[in-house]
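Note: the block below is run.pdb and it holds PDB, C-alpha atoms, pLDDT in the B column.
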```
MODEL        1
ATOM      1  CA  MET X   1     -12.358   7.086  20.067  1.00 70.00           C
ATOM      2  CA  TRP X   2     -10.944   9.247  17.263  1.00 68.00           C
ATOM      3  CA  VAL X   3      -8.381  10.625  19.720  1.00 72.00           C
ATOM      4  CA  ILE X   4      -6.895   7.157  20.121  1.00 75.00           C
ATOM      5  CA  GLY X   5      -6.682   6.742  16.333  1.00 67.00           C
ATOM      6  CA  ALA X   6      -5.041  10.151  15.968  1.00 64.00           C
ATOM      7  CA  GLY X   7      -2.533   9.250  18.688  1.00 67.00           C
ATOM      8  CA  ILE X   8      -1.647   5.983  16.981  1.00 69.00           C
ATOM      9  CA  LEU X   9      -1.235   7.795  13.665  1.00 62.00           C
ATOM     10  CA  LEU X  10       1.090  10.403  15.202  1.00 61.00           C
ATOM     11  CA  ALA X  11       3.145   7.743  16.980  1.00 62.00           C
ATOM     12  CA  SER X  12       3.501   5.780  13.734  1.00 57.00           C
ATOM     13  CA  ALA X  13       4.594   8.918  11.885  1.00 54.00           C
ATOM     14  CA  ALA X  14       7.228   9.649  14.553  1.00 55.00           C
ATOM     15  CA  VAL X  15       8.617   6.099  14.313  1.00 51.00           C
ATOM     16  CA  LEU X  16       8.725   6.163  10.503  1.00 49.00           C
ATOM     17  CA  ARG X  17      10.319   9.624  10.454  1.00 53.00           C
ATOM     18  CA  ARG X  18      13.360   8.236  12.278  1.00 58.00           C
ATOM     19  CA  TRP X  19      13.624   5.126  10.071  1.00 68.00           C
ATOM     20  CA  ALA X  20      16.066   6.553   7.508  1.00 81.00           C
ATOM     21  CA  HIS X  21      18.831   9.131   7.744  1.00 86.00           C
ATOM     22  CA  TYR X  22      20.522  10.601   4.691  1.00 90.00           C
ATOM     23  CA  GLU X  23      24.219  11.486   4.700  1.00 90.00           C
ATOM     24  CA  LEU X  24      26.120  13.446   2.091  1.00 91.00           C
ATOM     25  CA  THR X  25      29.904  13.158   2.348  1.00 92.00           C
ATOM     26  CA  ARG X  26      32.674  14.259  -0.002  1.00 92.00           C
ATOM     27  CA  ASP X  27      32.644  10.798  -1.599  1.00 93.00           C
ATOM     28  CA  GLN X  28      29.143   9.388  -1.439  1.00 93.00           C
ATOM     29  CA  ILE X  29      25.478   9.651  -0.562  1.00 93.00           C
ATOM     30  CA  MET X  30      24.298   7.145   2.043  1.00 92.00           C
ATOM     31  CA  VAL X  31      20.956   6.042   3.395  1.00 91.00           C
ATOM     32  CA  ARG X  32      21.339   4.724   6.933  1.00 89.00           C
ATOM     33  CA  ASN X  33      18.889   2.949   9.185  1.00 83.00           C
ATOM     34  CA  GLY X  34      17.862   5.534  11.768  1.00 75.00           C
ATOM     35  CA  TYR X  35      17.909   3.049  14.629  1.00 77.00           C
ATOM     36  CA  THR X  36      20.982   0.886  13.940  1.00 82.00           C
ATOM     37  CA  ARG X  37      22.951   3.439  11.822  1.00 83.00           C
ATOM     38  CA  ARG X  38      23.687   0.602   9.343  1.00 90.00           C
ATOM     39  CA  VAL X  39      24.121   1.672   5.707  1.00 88.00           C
ATOM     40  CA  ILE X  40      21.099   0.523   3.685  1.00 88.00           C
ATOM     41  CA  GLN X  41      22.039   2.042   0.312  1.00 89.00           C
ATOM     42  CA  SER X  42      24.810   4.230  -1.026  1.00 91.00           C
ATOM     43  CA  ILE X  43      26.044   5.697  -4.271  1.00 92.00           C
ATOM     44  CA  LEU X  44      29.427   7.239  -5.003  1.00 92.00           C
ATOM     45  CA  LEU X  45      29.283  10.888  -6.047  1.00 92.00           C
ATOM     46  CA  SER X  46      31.559  10.087  -8.979  1.00 92.00           C
ATOM     47  CA  ASP X  47      28.847   7.655 -10.162  1.00 91.00           C
ATOM     48  CA  VAL X  48      25.986  10.201 -10.121  1.00 93.00           C
ATOM     49  CA  ARG X  49      24.542  10.760 -13.599  1.00 92.00           C
ATOM     50  CA  GLU X  50      21.448  12.830 -12.846  1.00 93.00           C
ATOM     51  CA  VAL X  51      19.603  14.327  -9.878  1.00 94.00           C
ATOM     52  CA  THR X  52      15.915  15.159 -10.210  1.00 94.00           C
ATOM     53  CA  ILE X  53      13.324  16.485  -7.800  1.00 94.00           C
ATOM     54  CA  ARG X  54       9.810  15.109  -7.421  1.00 93.00           C
ATOM     55  CA  GLN X  55       7.547  17.461  -5.563  1.00 91.00           C
ATOM     56  CA  GLY X  56       3.779  17.763  -5.384  1.00 88.00           C
ATOM     57  CA  VAL X  57       1.866  20.937  -4.615  1.00 90.00           C
ATOM     58  CA  VAL X  58       1.536  20.206  -0.893  1.00 84.00           C
ATOM     59  CA  ALA X  59       5.188  19.164  -0.570  1.00 83.00           C
ATOM     60  CA  GLN X  60       6.249  22.302  -2.414  1.00 87.00           C
ATOM     61  CA  PHE X  61       4.197  24.409   0.003  1.00 87.00           C
ATOM     62  CA  PHE X  62       5.999  22.797   2.951  1.00 85.00           C
ATOM     63  CA  GLY X  63       9.411  23.025   1.257  1.00 89.00           C
ATOM     64  CA  ILE X  64      10.058  19.277   1.085  1.00 87.00           C
ATOM     65  CA  GLY X  65      10.495  16.855  -1.788  1.00 90.00           C
ATOM     66  CA  THR X  66      12.000  13.626  -3.053  1.00 92.00           C
ATOM     67  CA  LEU X  67      15.442  13.653  -4.653  1.00 93.00           C
ATOM     68  CA  VAL X  68      15.905  10.915  -7.239  1.00 95.00           C
ATOM     69  CA  ILE X  69      19.568  10.137  -7.929  1.00 94.00           C
ATOM     70  CA  HIS X  70      20.420   8.080 -11.009  1.00 94.00           C
ATOM     71  CA  SER X  71      23.648   6.104 -11.292  1.00 92.00           C
ATOM     72  CA  ARG X  72      25.992   6.384 -14.258  1.00 89.00           C
ATOM     73  CA  SER X  73      27.304   2.826 -14.237  1.00 83.00           C
ATOM     74  CA  SER X  74      24.058   0.906 -13.747  1.00 81.00           C
ATOM     75  CA  ASP X  75      20.323   1.291 -13.537  1.00 84.00           C
ATOM     76  CA  ARG X  76      20.542   1.993  -9.795  1.00 87.00           C
ATOM     77  CA  VAL X  77      18.293   4.723  -8.474  1.00 91.00           C
ATOM     78  CA  LEU X  78      18.487   6.207  -4.999  1.00 90.00           C
ATOM     79  CA  SER X  79      15.382   8.027  -3.726  1.00 91.00           C
ATOM     80  CA  LEU X  80      15.698  10.412  -0.801  1.00 90.00           C
ATOM     81  CA  ARG X  81      12.182  11.136   0.459  1.00 88.00           C
ATOM     82  CA  GLY X  82      11.105  14.041   2.638  1.00 86.00           C
ATOM     83  CA  VAL X  83      14.193  16.174   2.019  1.00 89.00           C
ATOM     84  CA  CYS X  84      13.914  19.749   3.295  1.00 88.00           C
ATOM     85  CA  ASP X  85      14.845  22.356   0.679  1.00 91.00           C
ATOM     86  CA  PRO X  86      15.459  19.786  -2.082  1.00 92.00           C
ATOM     87  CA  GLU X  87      16.686  22.368  -4.615  1.00 93.00           C
ATOM     88  CA  GLU X  88      19.550  23.374  -2.303  1.00 93.00           C
ATOM     89  CA  VAL X  89      20.501  19.737  -1.656  1.00 92.00           C
ATOM     90  CA  LYS X  90      20.412  19.029  -5.401  1.00 93.00           C
ATOM     91  CA  ILE X  91      22.823  21.918  -6.021  1.00 93.00           C
ATOM     92  CA  ARG X  92      25.170  20.629  -3.299  1.00 92.00           C
ATOM     93  CA  ILE X  93      25.174  17.117  -4.773  1.00 91.00           C
ATOM     94  CA  GLN X  94      25.854  18.410  -8.276  1.00 91.00           C
ATOM     95  CA  ALA X  95      28.698  20.586  -6.992  1.00 90.00           C
ATOM     96  CA  LEU X  96      30.356  17.599  -5.332  1.00 87.00           C
ATOM     97  CA  ALA X  97      29.736  15.113  -8.173  1.00 79.00           C
TER      98      ALA X  97
ENDMDL
END
```

What does the file become when written as structure tokens?
Amino acid sequence: MWVIGAGILLASAAVLRRWAHYELTRDQIMVRNGYTRRVIQSILLSDVREVTIRQGVVAQFFGIGTLVIHSRSSDRVLSLRGVCDPEEVKIRIQALA
């Protein structure tokens, strides 16, 4: 019985993993729906005020984290969850902003 539960959990994780894709271009950061490729959220790089990393002990061990991007012109916040090597991505965003 537990095997069925574990299988359902793994299938759910696989579906959710593909739900959002993050794109960093020369002009903006976009969050796209992983199935339809439609843009869900975006922020212009020229509008980035601050980039912070949230990372727990387990996430740090696995080298993943959440990038929190704050907008300059409004109170908009863009959270990129499950980013591999978040420190490197933060540096890339700050270099382009």

Problem set entry | Resolved residues for the PyMOL selection byres ((chain X and resi 20) around 10) as a ChimeraX atom specification | /X:16-19,21-23,30-40,80-81

For this session: Please evaluate the PyMOL selection byres ((chain X and resi 41-49) around 10) against the displayed coordinates and give the resulting residues as a PyMOL selection string.
Result: chain X and resi 22-33+38-40+50-51+69-74+76-79+93-97

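Minimum atom-to-atom distance to Glu88 in chain X, evaluated using all atoms listed in the file, belongs to X:Thr52 out of X:Phe61, X:Asp75, X:Thr52, X:Ile4.
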
For this session: Give as a PyMOL selection string the residues that the PyMOL selection byres ((chain X and resi 66) around 6) matches when applied to the coordinates above.
Result: chain X and resi 53-54+65+67+80-82

Seminar exercise, completed: re CA of Lys90 in chain X and CA of Val57 in chain X: distance 18.7 Å

Save range 37-64 of chain X to a file: C-alpha atoms, as a PDB file, in the first residue's frame.
```
ATOM      1  CA  ARG X  37       4.901  28.398 -22.305  1.00  0.00           C
ATOM      2  CA  ARG X  38       2.687  31.424 -21.485  1.00  0.00           C
ATOM      3  CA  VAL X  39       4.366  34.185 -19.457  1.00  0.00           C
ATOM      4  CA  ILE X  40       2.950  34.188 -15.916  1.00  0.00           C
ATOM      5  CA  GLN X  41       5.126  36.942 -14.417  1.00  0.00           C
ATOM      6  CA  SER X  42       8.009  39.086 -15.577  1.00  0.00           C
ATOM      7  CA  ILE X  43      10.175  41.933 -14.390  1.00  0.00           C
ATOM      8  CA  LEU X  44      12.466  44.144 -16.445  1.00  0.00           C
ATOM      9  CA  LEU X  45      16.124  43.951 -15.447  1.00  0.00           C
ATOM     10  CA  SER X  46      16.261  47.746 -15.405  1.00  0.00           C
ATOM     11  CA  ASP X  47      13.539  47.614 -12.712  1.00  0.00           C
ATOM     12  CA  VAL X  48      15.415  45.235 -10.369  1.00  0.00           C
ATOM     13  CA  ARG X  49      16.194  46.872  -7.022  1.00  0.00           C
ATOM     14  CA  GLU X  50      17.452  43.929  -4.977  1.00  0.00           C
ATOM     15  CA  VAL X  51      18.072  40.195  -5.333  1.00  0.00           C
ATOM     16  CA  THR X  52      18.179  38.024  -2.222  1.00  0.00           C
ATOM     17  CA  ILE X  53      18.566  34.308  -1.658  1.00  0.00           C
ATOM     18  CA  ARG X  54      16.464  32.246   0.731  1.00  0.00           C
ATOM     19  CA  GLN X  55      17.995  28.893   1.453  1.00  0.00           C
ATOM     20  CA  GLY X  56      17.495  26.416   4.271  1.00  0.00           C
ATOM     21  CA  VAL X  57      20.059  23.900   5.461  1.00  0.00           C
ATOM     22  CA  VAL X  58      18.715  21.052   3.319  1.00  0.00           C
ATOM     23  CA  ALA X  59      18.400  23.260   0.229  1.00  0.00           C
ATOM     24  CA  GLN X  60      21.932  24.526   0.769  1.00  0.00           C
ATOM     25  CA  PHE X  61      23.183  20.936   0.960  1.00  0.00           C
ATOM     26  CA  PHE X  62      21.539  20.177  -2.396  1.00  0.00           C
ATOM     27  CA  GLY X  63      22.712  23.459  -3.948  1.00  0.00           C
ATOM     28  CA  ILE X  64      19.245  24.903  -4.573  1.00  0.00           C
TER      29      ILE X  64
END
```
